[in-house]
file entry.cif (mmCIF, C-alpha atoms)
data_start
loop_
_atom_site.label_atom_id
_atom_site.label_comp_id
_atom_site.auth_asym_id
_atom_site.auth_seq_id
_atom_site.Cartn_x
_atom_site.Cartn_y
_atom_site.Cartn_z
CA MET A 1 -9.75 -3.29 -16.74
CA PHE A 2 -9.44 0.48 -17.04
CA TRP A 3 -7.55 2.09 -14.17
CA LYS A 4 -7.56 5.75 -13.30
CA SER A 5 -5.04 6.82 -10.73
CA LYS A 6 -6.60 7.87 -7.40
CA LYS A 7 -5.37 10.24 -4.76
CA TYR A 8 -6.01 10.22 -1.03
CA GLN A 9 -4.75 12.73 1.50
CA LEU A 10 -4.60 13.27 5.27
CA LYS A 11 -3.14 16.12 7.30
CA VAL A 12 -2.17 15.64 10.95
CA PRO A 13 -0.20 17.63 13.56
CA ALA A 14 3.50 16.68 13.61
CA HIS A 15 3.35 14.79 16.89
CA ILE A 16 3.94 11.15 17.81
CA ASP A 17 0.36 10.94 19.13
CA TYR A 18 -0.73 10.84 15.48
CA LEU A 19 1.46 7.98 14.20
CA SER A 20 -1.46 5.57 14.54
CA ASP A 21 -3.63 7.84 12.33
CA LEU A 22 -0.96 7.77 9.62
CA ARG A 23 -0.80 3.98 9.77
CA ALA A 24 -4.62 3.77 9.64
CA PHE A 25 -4.50 5.90 6.46
CA VAL A 26 -2.32 3.23 4.82
CA VAL A 27 -4.59 0.39 5.95
CA LYS A 28 -7.59 2.16 4.41
CA ILE A 29 -5.84 1.95 1.01
CA LYS A 30 -5.45 -1.80 1.40
CA ASP A 31 -9.13 -2.16 2.20
CA ASP A 32 -10.16 -0.14 -0.85
CA TYR A 33 -7.59 -1.29 -3.42
CA ASP A 34 -6.59 -4.83 -2.51
CA PHE A 35 -2.85 -4.39 -2.14
CA SER A 36 -1.07 -7.37 -0.55
CA ASP A 37 -0.32 -7.51 3.19
CA LYS A 38 3.37 -7.37 2.30
CA VAL A 39 3.02 -4.06 0.43
CA ILE A 40 0.74 -2.50 3.03
CA ASN A 41 2.78 -3.64 6.06
CA ALA A 42 5.90 -2.21 4.40
CA PHE A 43 4.17 1.14 3.88
CA LYS A 44 2.74 1.19 7.44
CA LEU A 45 6.23 0.80 8.85
CA CYS A 46 7.93 3.20 6.42
CA VAL A 47 5.32 5.94 6.87
CA ASP A 48 5.71 5.56 10.66
CA GLU A 49 9.52 5.73 10.39
CA ALA A 50 9.46 8.73 8.03
CA ALA A 51 6.94 10.65 10.17
CA THR A 52 8.93 9.93 13.34
CA ASN A 53 12.03 11.32 11.60
CA ILE A 54 10.13 14.44 10.49
CA ILE A 55 8.84 15.04 14.03
CA GLN A 56 12.25 14.51 15.64
CA HIS A 57 14.62 15.95 13.02
CA SER A 58 12.71 18.31 10.71
CA TYR A 59 10.46 19.98 13.26
CA LYS A 60 12.70 19.12 16.27
CA GLY A 61 9.70 19.09 18.59
CA THR A 62 8.25 22.39 17.36
CA GLU A 63 4.67 22.59 16.10
CA GLY A 64 3.93 21.76 12.49
CA GLN A 65 1.90 19.62 10.14
CA ILE A 66 2.49 16.41 8.23
CA ILE A 67 0.55 15.77 5.03
CA ILE A 68 0.38 12.24 3.69
CA ARG A 69 -0.85 11.74 0.15
CA ALA A 70 -1.29 8.45 -1.67
CA LEU A 71 -1.23 7.99 -5.40
CA ILE A 72 -2.74 4.64 -6.28
CA LYS A 73 -2.01 3.15 -9.67
CA ARG A 74 -2.59 -0.26 -11.17
CA LYS A 75 1.05 -1.29 -10.90
CA HIS A 76 2.21 0.52 -7.80
CA LEU A 77 1.43 2.60 -4.75
CA THR A 78 3.25 5.87 -4.15
CA ILE A 79 3.00 7.76 -0.86
CA PHE A 80 4.18 11.35 -0.49
CA ILE A 81 5.01 12.57 3.02
CA ILE A 82 5.17 16.35 3.18
CA ASP A 83 6.41 18.69 5.91
CA GLN A 84 7.41 22.33 6.28
CA GLY A 85 10.25 21.72 8.73
CA MET A 86 14.00 21.68 8.09
CA TYR A 87 15.23 19.98 4.90
CA PHE A 88 16.43 16.53 5.99
CA ASP A 89 17.44 14.22 3.16
CA LEU A 90 17.33 10.77 4.70
CA ARG A 91 18.91 9.29 1.57
CA LYS A 92 22.21 10.74 2.75
CA ILE A 93 22.12 8.90 6.10
CA GLN A 94 24.58 6.01 6.31
CA ASP A 95 23.41 2.47 7.06
CA PRO A 96 23.66 1.65 10.78
CA ASP A 97 26.38 -0.52 12.33
CA LEU A 98 24.31 -2.41 14.88
CA ASN A 99 27.29 -3.72 16.85
CA TYR A 100 28.60 -0.19 17.28
CA TYR A 101 25.15 1.15 18.16
CA ILE A 102 24.82 -1.48 20.90
CA ASP A 103 28.31 -0.68 22.23
CA ILE A 104 27.41 2.98 22.67
CA GLY A 105 23.78 2.39 23.70
CA LYS A 106 22.40 4.25 20.68
CA LYS A 107 18.68 3.72 20.26
CA GLY A 108 17.84 5.56 17.03
CA GLY A 109 19.03 5.68 13.46
CA LEU A 110 17.32 2.51 12.27
CA GLY A 111 14.29 3.99 10.52
CA VAL A 112 16.06 5.16 7.39
CA PHE A 113 17.64 1.74 6.94
CA ILE A 114 14.18 0.13 7.17
CA ILE A 115 12.79 2.50 4.53
CA ARG A 116 15.70 1.72 2.18
CA LYS A 117 15.20 -2.02 2.64
CA LEU A 118 11.44 -2.06 2.13
CA MET A 119 10.72 0.49 -0.60
CA ASP A 120 11.35 0.01 -4.34
CA GLU A 121 11.95 3.73 -5.00
CA ILE A 122 12.74 6.68 -2.71
CA ASP A 123 12.92 10.32 -3.73
CA TYR A 124 13.22 13.53 -1.69
CA TYR A 125 12.83 17.10 -2.92
CA LYS A 126 11.66 20.53 -1.91
CA THR A 127 8.67 22.37 -3.39
CA ARG A 128 6.57 25.40 -2.39
CA GLU A 129 4.39 22.97 -0.44
CA GLY A 130 7.36 21.79 1.63
CA ASN A 131 9.85 18.93 1.81
CA ILE A 132 8.49 15.90 0.00
CA LEU A 133 9.53 12.32 0.64
CA LYS A 134 8.21 10.11 -2.15
CA LEU A 135 8.00 6.38 -1.44
CA THR A 136 7.00 3.85 -4.09
CA LYS A 137 6.41 0.13 -3.93
CA TYR A 138 5.20 -2.06 -6.76
CA ARG A 139 2.55 -4.70 -6.50
CA GLU A 140 4.46 -7.96 -6.05
CA PRO A 141 4.54 -9.34 -9.63
CA GLU A 142 5.69 -5.95 -10.92
CA ALA A 143 8.46 -5.75 -8.31
CA LYS A 144 9.67 -9.19 -9.39
CA LYS A 145 9.55 -8.26 -13.08
CA LYS A 146 11.43 -5.04 -12.37
CA ARG A 147 14.17 -6.93 -10.49
CA LEU A 148 14.41 -9.42 -13.39
CA ARG A 149 14.65 -6.59 -15.93
CA LEU A 150 17.42 -5.03 -13.86
CA PHE A 151 19.21 -8.38 -13.60
CA PHE A 152 19.08 -8.98 -17.37
CA SER A 153 20.08 -5.42 -18.23
CA MET A 154 23.08 -5.79 -15.91
CA SER A 155 23.91 -9.20 -17.41
CA ASN A 156 24.10 -7.61 -20.85
CA PHE A 157 26.90 -5.36 -19.64
CA SER A 158 28.93 -8.10 -17.98
CA MET B 1 -6.22 4.65 19.08
CA GLU B 2 -3.83 1.69 18.91
CA GLY B 3 -2.69 1.06 22.48
CA PHE B 4 0.24 -0.70 24.08
CA GLU B 5 0.55 -2.60 27.36
CA VAL B 6 3.51 -4.11 29.13
CA THR B 7 2.95 -6.41 32.09
CA LYS B 8 5.50 -8.16 34.27
CA GLY B 9 5.73 -11.77 35.35
CA ALA B 10 8.52 -13.98 36.64
CA THR B 11 9.79 -17.56 36.48
CA ASN B 12 12.21 -18.23 39.37
CA ASP B 13 14.85 -15.47 39.10
CA ILE B 14 13.96 -14.62 35.50
CA SER B 15 11.72 -11.63 34.79
CA VAL B 16 9.26 -11.86 31.94
CA LEU B 17 7.76 -8.84 30.17
CA TYR B 18 4.58 -9.43 28.17
CA LEU B 19 4.03 -6.93 25.36
CA LYS B 20 0.59 -6.30 23.88
CA GLY B 21 -0.61 -4.02 21.08
CA TYR B 22 1.37 -1.47 19.09
CA LEU B 23 4.94 -0.46 19.91
CA ASP B 24 6.06 2.75 18.19
CA ALA B 25 7.76 6.06 19.10
CA HIS B 26 4.63 7.05 21.02
CA THR B 27 4.49 3.93 23.19
CA ALA B 28 8.22 2.97 23.38
CA PRO B 29 8.76 5.03 26.58
CA GLU B 30 6.42 2.60 28.43
CA LEU B 31 8.71 -0.31 27.52
CA GLU B 32 11.74 1.79 28.40
CA ASN B 33 10.29 2.48 31.87
CA ALA B 34 9.53 -1.21 32.42
CA LEU B 35 13.11 -2.23 31.49
CA GLN B 36 14.60 0.59 33.57
CA LYS B 37 12.56 -0.60 36.58
CA LEU B 38 13.96 -4.13 36.18
CA MET B 39 17.49 -2.67 35.99
CA ASP B 40 16.87 -0.57 39.12
CA GLU B 41 15.73 -3.74 40.92
CA GLN B 42 18.89 -5.47 39.64
CA ASN B 43 16.90 -7.98 37.63
CA TYR B 44 19.20 -8.61 34.70
CA LYS B 45 17.80 -11.89 33.36
CA ILE B 46 14.89 -10.85 31.20
CA VAL B 47 12.61 -12.63 28.74
CA VAL B 48 10.33 -10.53 26.56
CA ASN B 49 7.23 -12.32 25.29
CA PHE B 50 5.91 -10.78 22.05
CA SER B 51 2.94 -13.12 21.51
CA GLU B 52 0.33 -10.35 21.74
CA LEU B 53 2.33 -7.64 20.01
CA ASN B 54 0.77 -6.64 16.67
CA TYR B 55 3.16 -3.96 15.46
CA ILE B 56 6.70 -2.72 16.10
CA SER B 57 8.67 0.16 14.60
CA SER B 58 12.37 0.94 14.94
CA ALA B 59 11.60 3.02 18.05
CA GLY B 60 10.58 -0.24 19.76
CA LEU B 61 13.65 -2.12 18.55
CA GLY B 62 15.81 0.77 19.70
CA VAL B 63 14.71 0.27 23.30
CA PHE B 64 16.35 -3.16 23.35
CA MET B 65 19.52 -1.74 21.83
CA GLY B 66 19.69 0.96 24.48
CA PHE B 67 19.62 -1.49 27.41
CA ILE B 68 21.37 -4.64 26.22
CA GLU B 69 24.96 -3.58 26.83
CA ASP B 70 24.36 -2.59 30.49
CA ILE B 71 22.35 -5.75 31.10
CA ARG B 72 25.06 -7.99 29.65
CA LYS B 73 27.75 -6.19 31.63
CA ASN B 74 25.82 -7.20 34.74
CA GLY B 75 25.82 -10.87 33.74
CA GLY B 76 22.30 -10.86 32.32
CA ASP B 77 20.64 -10.84 28.93
CA ILE B 78 17.40 -10.00 27.16
CA LYS B 79 15.94 -12.99 25.34
CA LEU B 80 13.08 -12.45 22.95
CA SER B 81 10.29 -14.97 22.39
CA SER B 82 6.98 -15.83 20.75
CA MET B 83 7.02 -13.31 17.88
CA LYS B 84 4.40 -13.34 15.15
CA PRO B 85 6.06 -13.69 11.72
CA LYS B 86 5.38 -10.04 10.80
CA ILE B 87 7.13 -8.89 14.01
CA PHE B 88 10.07 -11.25 13.47
CA ARG B 89 10.50 -9.91 9.92
CA VAL B 90 11.25 -6.42 11.30
CA PHE B 91 13.88 -7.79 13.72
CA ASP B 92 15.31 -9.92 10.93
CA LEU B 93 15.44 -6.98 8.51
CA LEU B 94 17.75 -5.15 10.90
CA GLY B 95 19.97 -8.14 11.66
CA PHE B 96 18.85 -8.64 15.25
CA PRO B 97 18.96 -12.48 15.14
CA THR B 98 22.77 -12.31 15.12
CA LEU B 99 22.83 -10.10 18.22
CA TYR B 100 19.92 -11.42 20.31
CA ASP B 101 18.54 -14.85 21.13
CA ILE B 102 15.08 -15.02 19.55
CA LEU B 103 13.17 -18.14 20.60
CA ASP B 104 9.88 -19.68 19.42
CA ASP B 105 8.29 -19.64 22.87
CA GLU B 106 8.75 -18.33 26.38
CA GLU B 107 9.69 -21.72 27.86
CA LYS B 108 12.62 -22.10 25.45
CA ALA B 109 13.75 -18.54 26.28
CA VAL B 110 13.68 -19.28 30.02
CA ASP B 111 15.49 -22.60 29.41
CA LYS B 112 18.21 -20.71 27.56
CA PHE B 113 19.03 -18.91 30.83
CA THR B 114 18.83 -21.98 33.06
CA LYS B 115 20.89 -24.17 30.73
CA SER B 116 23.58 -21.63 29.90
#

call {"tool": "encode", "arguments": {"input": "entry.cif", "output": "structure tokens"}}
result
Amino acid sequence: MFWKSKKYQLKVPAHIDYLSDLRAFVVKIKDDYDFSDKVINAFKLCVDEAATNIIQHSYKGTEGQIIIRALIKRKHLTIFIIDQGMYFDLRKIQDPDLNYYIDIGKKGGLGVFIIRKLMDEIDYYKTREGNILKLTKYREPEAKKKRLRLFFSMSNFS
Amino acid sequence: MEGFEVTKGATNDISVLYLKGYLDAHTAPELENALQKLMDEQNYKIVVNFSELNYISSAGLGVFMGFIEDIRKNGGDIKLSSMKPKIFRVFDLLGFPTLYDILDDEEKAVDKFTKS
């Protein structure tokens, strides 16, 4: 089967009222391209978490836009989340200590951890278009193969 | 639009919150208000029934983290019940099962209070 990569895009105001539209964008990809529930549910949650971070930390409640763009390939799905707010590299955020968070009544700081756990690849960079968070997840068999390749390549060094 | 509803019930002195729909940063304040109201009424034994909840993000989980310490200091607890597997997976991903009682159904969650 010949596969051309496809691109989809949606632009919404940077406001929590629009989180459901961003999630609906991800579900539309599942309907059109037959990704597994596991892949799509992971993206729904990670897009929600990333957009919430952009609204709260990059734009800090000021007006702005969020662009979500999907690149669909045979082996994987990549979603780019683009904003023109402050540069906020979530890869530098430390993993949360839940016990400590509960002690101090902290409610946030979990989204980045979720993204790290669920995505296969995360990248963040700045272009003329804005800050770009690039999230990639492989279709299940590919993800397994990739983990196996990593395991064997590490074994060769041990 | 994906909505969210929280309704309140009770079994003896235990308050039960029933969650329905989609819980994210947009709708989390509704859950926060419901839990705050229980605190104001000094109801510290709380079961949250997730059977009709279809989606949760970290903003929803954060609500439970924000209240649990105060509730436990007052001799109460929040026990979570009846989650669909996809909802439980999010709690599990963040390590909540080691910090909260998560039960299969509401009756078991209520029993956990009465038998402890």

call {"tool": "interface_residues", "arguments": {"input": "entry.cif", "of": "chain B", "to": "chain A", "cutoff": "12 Å", "atoms": "only C-alpha atoms", "output": "PyMOL selection string"}}
result
chain B and resi 1-4+21-29+32+54-73+85-87+89-100

call {"tool": "closest_residue", "arguments": {"input": "entry.cif", "among": "A:Asp120, A:Tyr138, A:Val27, A:Phe43", "to": "Ile79 (chain A)", "atoms": "only C-alpha atoms"}}
result
A:Phe43

call {"tool": "residues_around", "arguments": {"input": "entry.cif", "residues": "Asp101 (chain B)", "least_positions_apart": "3", "cutoff": "12 Å", "atoms": "all atoms listed in the file", "output": "PyMOL selection string"}}
result
chain B and resi 46-48+68+77-82+88+91-92+95-98+104-106+108-113

call {"tool": "atom_distance", "arguments": {"input": "entry.cif", "atom1": "CA of Asp95 (chain A)", "atom2": "CA of Ser58 (chain A)"}}
result
19.5 Å

call {"tool": "atom_distance", "arguments": {"input": "entry.cif", "atom1": "CA of Ile66 (chain A)", "atom2": "CA of Ile81 (chain A)"}}
result
6.9 Å

call {"tool": "atom_distance", "arguments": {"input": "entry.cif", "atom1": "CA of Ala14 (chain A)", "atom2": "CA of Ile132 (chain A)"}}
result
14.5 Å

call {"tool": "residues_near_point", "arguments": {"input": "entry.cif", "point": "(1.5, -14.0, 18.5)", "cutoff": "8 Å", "atoms": "only C-alpha atoms", "output": "PDB file with C-alpha atoms, in the frame of the given file"}}
result
ATOM      1  CA  PHE B  50       5.910 -10.780  22.050  1.00  0.00           C
ATOM      2  CA  SER B  51       2.940 -13.120  21.510  1.00  0.00           C
ATOM      3  CA  GLU B  52       0.330 -10.350  21.740  1.00  0.00           C
ATOM      4  CA  LEU B  53       2.330  -7.640  20.010  1.00  0.00           C
ATOM      5  CA  ASN B  54       0.770  -6.640  16.670  1.00  0.00           C
ATOM      6  CA  SER B  82       6.980 -15.830  20.750  1.00  0.00           C
ATOM      7  CA  MET B  83       7.020 -13.310  17.880  1.00  0.00           C
ATOM      8  CA  LYS B  84       4.400 -13.340  15.150  1.00  0.00           C
TER       9      LYS B  84
END

call {"tool": "residues_around", "arguments": {"input": "entry.cif", "residues": "Tyr59 (chain A)", "least_positions_apart": "4", "cutoff": "12 Å", "atoms": "all atoms listed in the file", "output": "ChimeraX atom specification"}}
result
/A:13-16,51-55,63-66,82-88,131

call {"tool": "axis_aligned_box", "arguments": {"input": "entry.cif", "around": "region 79-97 of chain B", "padding_each_side": "6 Å", "output": "lines of an AutoDock Vina configuration file"}}
result
center_x = 12.2
center_y = -10.5
center_z = 16.9
size_x = 27.6
size_y = 22.7
size_z = 28.8

call {"tool": "closest_residue", "arguments": {"input": "entry.cif", "among": "A:Lys60, A:Arg91, A:Arg74, A:Lys28", "to": "Tyr124 (chain A)", "atoms": "only C-alpha atoms"}}
result
A:Arg91

call {"tool": "closest_residue", "arguments": {"input": "entry.cif", "among": "A:Phe80, A:Arg116, A:Gln94, A:Ile72", "to": "Phe35 (chain A)", "atoms": "all atoms listed in the file"}}
result
A:Ile72

call {"tool": "closest_residue", "arguments": {"input": "entry.cif", "among": "B:Lys115, B:Leu35, B:Lys45, B:Asn74", "to": "Ala10 (chain B)", "atoms": "only C-alpha atoms"}}
result
B:Lys45

call {"tool": "residues_around", "arguments": {"input": "entry.cif", "residues": "Val6 (chain B)", "least_positions_apart": "2", "cutoff": "9 Å", "atoms": "all atoms listed in the file", "output": "MDAnalysis selection string"}}
result
chainID B and resid 4 8 17:20 30:31 34

call {"tool": "residues_around", "arguments": {"input": "entry.cif", "residues": "Ala70 (chain A)", "least_positions_apart": "5", "cutoff": "12 Å", "atoms": "only C-alpha atoms", "output": "number ranges by chain"}}
result
A: 5-11, 22, 25-30, 33, 43, 47, 76-82, 133-137

call {"tool": "write_last_selection", "arguments": {"input": "entry.cif", "atoms": "C-alpha atoms", "output": "PDB file, keeping the file's coordinate frame"}}
result
ATOM      1  CA  SER A   5      -5.040   6.820 -10.730  1.00  0.00           C
ATOM      2  CA  LYS A   6      -6.600   7.870  -7.400  1.00  0.00           C
ATOM      3  CA  LYS A   7      -5.370  10.240  -4.760  1.00  0.00           C
ATOM      4  CA  TYR A   8      -6.010  10.220  -1.030  1.00  0.00           C
ATOM      5  CA  GLN A   9      -4.750  12.730   1.500  1.00  0.00           C
ATOM      6  CA  LEU A  10      -4.600  13.270   5.270  1.00  0.00           C
ATOM      7  CA  LYS A  11      -3.140  16.120   7.300  1.00  0.00           C
ATOM      8  CA  LEU A  22      -0.960   7.770   9.620  1.00  0.00           C
ATOM      9  CA  PHE A  25      -4.500   5.900   6.460  1.00  0.00           C
ATOM     10  CA  VAL A  26      -2.320   3.230   4.820  1.00  0.00           C
ATOM     11  CA  VAL A  27      -4.590   0.390   5.950  1.00  0.00           C
ATOM     12  CA  LYS A  28      -7.590   2.160   4.410  1.00  0.00           C
ATOM     13  CA  ILE A  29      -5.840   1.950   1.010  1.00  0.00           C
ATOM     14  CA  LYS A  30      -5.450  -1.800   1.400  1.00  0.00           C
ATOM     15  CA  TYR A  33      -7.590  -1.290  -3.420  1.00  0.00           C
ATOM     16  CA  PHE A  43       4.170   1.140   3.880  1.00  0.00           C
ATOM     17  CA  VAL A  47       5.320   5.940   6.870  1.00  0.00           C
ATOM     18  CA  HIS A  76       2.210   0.520  -7.800  1.00  0.00           C
ATOM     19  CA  LEU A  77       1.430   2.600  -4.750  1.00  0.00           C
ATOM     20  CA  THR A  78       3.250   5.870  -4.150  1.00  0.00           C
ATOM     21  CA  ILE A  79       3.000   7.760  -0.860  1.00  0.00           C
ATOM     22  CA  PHE A  80       4.180  11.350  -0.490  1.00  0.00           C
ATOM     23  CA  ILE A  81       5.010  12.570   3.020  1.00  0.00           C
ATOM     24  CA  ILE A  82       5.170  16.350   3.180  1.00  0.00           C
ATOM     25  CA  LEU A 133       9.530  12.320   0.640  1.00  0.00           C
ATOM     26  CA  LYS A 134       8.210  10.110  -2.150  1.00  0.00           C
ATOM     27  CA  LEU A 135       8.000   6.380  -1.440  1.00  0.00           C
ATOM     28  CA  THR A 136       7.000   3.850  -4.090  1.00  0.00           C
ATOM     29  CA  LYS A 137       6.410   0.130  -3.930  1.00  0.00           C
TER      30      LYS A 137
END

call {"tool": "decode", "arguments": {"input": "entry.cif", "residues": "region 85-95 of chain B", "atoms": "all heavy atoms", "output": "mmCIF file, in the first residue's frame"}}
result
data_model
loop_
_atom_site.group_PDB
_atom_site.id
_atom_site.type_symbol
_atom_site.label_atom_id
_atom_site.label_comp_id
_atom_site.auth_asym_id
_atom_site.auth_seq_id
_atom_site.Cartn_x
_atom_site.Cartn_y
_atom_site.Cartn_z
ATOM 1 N N PRO B 85 -11.881 1.692 32.619
ATOM 2 C CA PRO B 85 -10.434 1.413 32.511
ATOM 3 C C PRO B 85 -9.620 2.598 31.991
ATOM 4 O O PRO B 85 -8.519 2.863 32.463
ATOM 5 C CB PRO B 85 -10.377 0.227 31.536
ATOM 6 C CG PRO B 85 -11.695 -0.446 31.712
ATOM 7 C CD PRO B 85 -12.698 0.634 32.008
ATOM 8 N N LYS B 86 -10.166 3.332 30.997
ATOM 9 C CA LYS B 86 -9.372 4.435 30.420
ATOM 10 C C LYS B 86 -9.195 5.577 31.436
ATOM 11 O O LYS B 86 -8.210 6.307 31.375
ATOM 12 C CB LYS B 86 -10.007 4.955 29.128
ATOM 13 C CG LYS B 86 -11.359 5.609 29.271
ATOM 14 C CD LYS B 86 -11.848 6.102 27.905
ATOM 15 C CE LYS B 86 -13.258 6.671 28.035
ATOM 16 N NZ LYS B 86 -13.804 7.111 26.748
ATOM 17 N N ILE B 87 -10.120 5.723 32.366
ATOM 18 C CA ILE B 87 -9.984 6.746 33.416
ATOM 19 C C ILE B 87 -8.978 6.256 34.451
ATOM 20 O O ILE B 87 -8.079 6.990 34.882
ATOM 21 C CB ILE B 87 -11.346 7.034 34.091
ATOM 22 C CG1 ILE B 87 -12.377 7.539 33.064
ATOM 23 C CG2 ILE B 87 -11.183 8.024 35.258
ATOM 24 C CD1 ILE B 87 -12.112 8.897 32.478
ATOM 25 N N PHE B 88 -9.083 4.968 34.829
ATOM 26 C CA PHE B 88 -8.149 4.421 35.817
ATOM 27 C C PHE B 88 -6.710 4.522 35.319
ATOM 28 O O PHE B 88 -5.798 4.815 36.094
ATOM 29 C CB PHE B 88 -8.495 2.954 36.138
ATOM 30 C CG PHE B 88 -7.505 2.340 37.080
ATOM 31 C CD1 PHE B 88 -7.539 2.649 38.437
ATOM 32 C CD2 PHE B 88 -6.505 1.489 36.619
ATOM 33 C CE1 PHE B 88 -6.607 2.106 39.314
ATOM 34 C CE2 PHE B 88 -5.570 0.956 37.488
ATOM 35 C CZ PHE B 88 -5.626 1.256 38.833
ATOM 36 N N ARG B 89 -6.518 4.302 34.016
ATOM 37 C CA ARG B 89 -5.159 4.339 33.455
ATOM 38 C C ARG B 89 -4.483 5.690 33.717
ATOM 39 O O ARG B 89 -3.281 5.752 33.963
ATOM 40 C CB ARG B 89 -5.178 4.029 31.946
ATOM 41 C CG ARG B 89 -5.115 2.526 31.667
ATOM 42 C CD ARG B 89 -4.730 2.250 30.226
ATOM 43 N NE ARG B 89 -5.805 2.589 29.303
ATOM 44 C CZ ARG B 89 -6.795 1.769 28.991
ATOM 45 N NH1 ARG B 89 -6.832 0.556 29.504
ATOM 46 N NH2 ARG B 89 -7.732 2.142 28.152
ATOM 47 N N VAL B 90 -5.249 6.779 33.673
ATOM 48 C CA VAL B 90 -4.660 8.104 33.908
ATOM 49 C C VAL B 90 -4.253 8.232 35.380
ATOM 50 O O VAL B 90 -3.159 8.717 35.696
ATOM 51 C CB VAL B 90 -5.640 9.238 33.510
ATOM 52 C CG1 VAL B 90 -4.987 10.602 33.704
ATOM 53 C CG2 VAL B 90 -6.084 9.084 32.057
ATOM 54 N N PHE B 91 -5.108 7.775 36.288
ATOM 55 C CA PHE B 91 -4.766 7.797 37.721
ATOM 56 C C PHE B 91 -3.542 6.925 37.987
ATOM 57 O O PHE B 91 -2.645 7.295 38.746
ATOM 58 C CB PHE B 91 -5.957 7.289 38.555
ATOM 59 C CG PHE B 91 -7.009 8.333 38.803
ATOM 60 C CD1 PHE B 91 -8.040 8.534 37.923
ATOM 61 C CD2 PHE B 91 -6.958 9.138 39.938
ATOM 62 C CE1 PHE B 91 -9.010 9.506 38.147
ATOM 63 C CE2 PHE B 91 -7.909 10.116 40.173
ATOM 64 C CZ PHE B 91 -8.939 10.302 39.278
ATOM 65 N N ASP B 92 -3.527 5.761 37.322
ATOM 66 C CA ASP B 92 -2.443 4.805 37.529
ATOM 67 C C ASP B 92 -1.111 5.363 37.009
ATOM 68 O O ASP B 92 -0.065 5.215 37.656
ATOM 69 C CB ASP B 92 -2.805 3.498 36.797
ATOM 70 C CG ASP B 92 -1.908 2.351 37.214
ATOM 71 O OD1 ASP B 92 -1.518 2.301 38.395
ATOM 72 O OD2 ASP B 92 -1.588 1.514 36.358
ATOM 73 N N LEU B 93 -1.187 6.026 35.863
ATOM 74 C CA LEU B 93 -0.001 6.624 35.243
ATOM 75 C C LEU B 93 0.706 7.572 36.205
ATOM 76 O O LEU B 93 1.930 7.654 36.242
ATOM 77 C CB LEU B 93 -0.474 7.403 34.009
ATOM 78 C CG LEU B 93 0.529 7.930 33.010
ATOM 79 C CD1 LEU B 93 1.184 6.767 32.289
ATOM 80 C CD2 LEU B 93 -0.169 8.823 31.992
ATOM 81 N N LEU B 94 -0.075 8.275 37.003
ATOM 82 C CA LEU B 94 0.499 9.270 37.918
ATOM 83 C C LEU B 94 0.768 8.709 39.319
ATOM 84 O O LEU B 94 1.172 9.445 40.209
ATOM 85 C CB LEU B 94 -0.433 10.477 38.000
ATOM 86 C CG LEU B 94 -0.428 11.349 36.745
ATOM 87 C CD1 LEU B 94 -1.566 12.326 36.753
ATOM 88 C CD2 LEU B 94 0.894 12.100 36.613
ATOM 89 N N GLY B 95 0.494 7.445 39.525
ATOM 90 C CA GLY B 95 0.794 6.826 40.822
ATOM 91 C C GLY B 95 -0.255 7.065 41.894
ATOM 92 O O GLY B 95 0.009 6.878 43.087
#
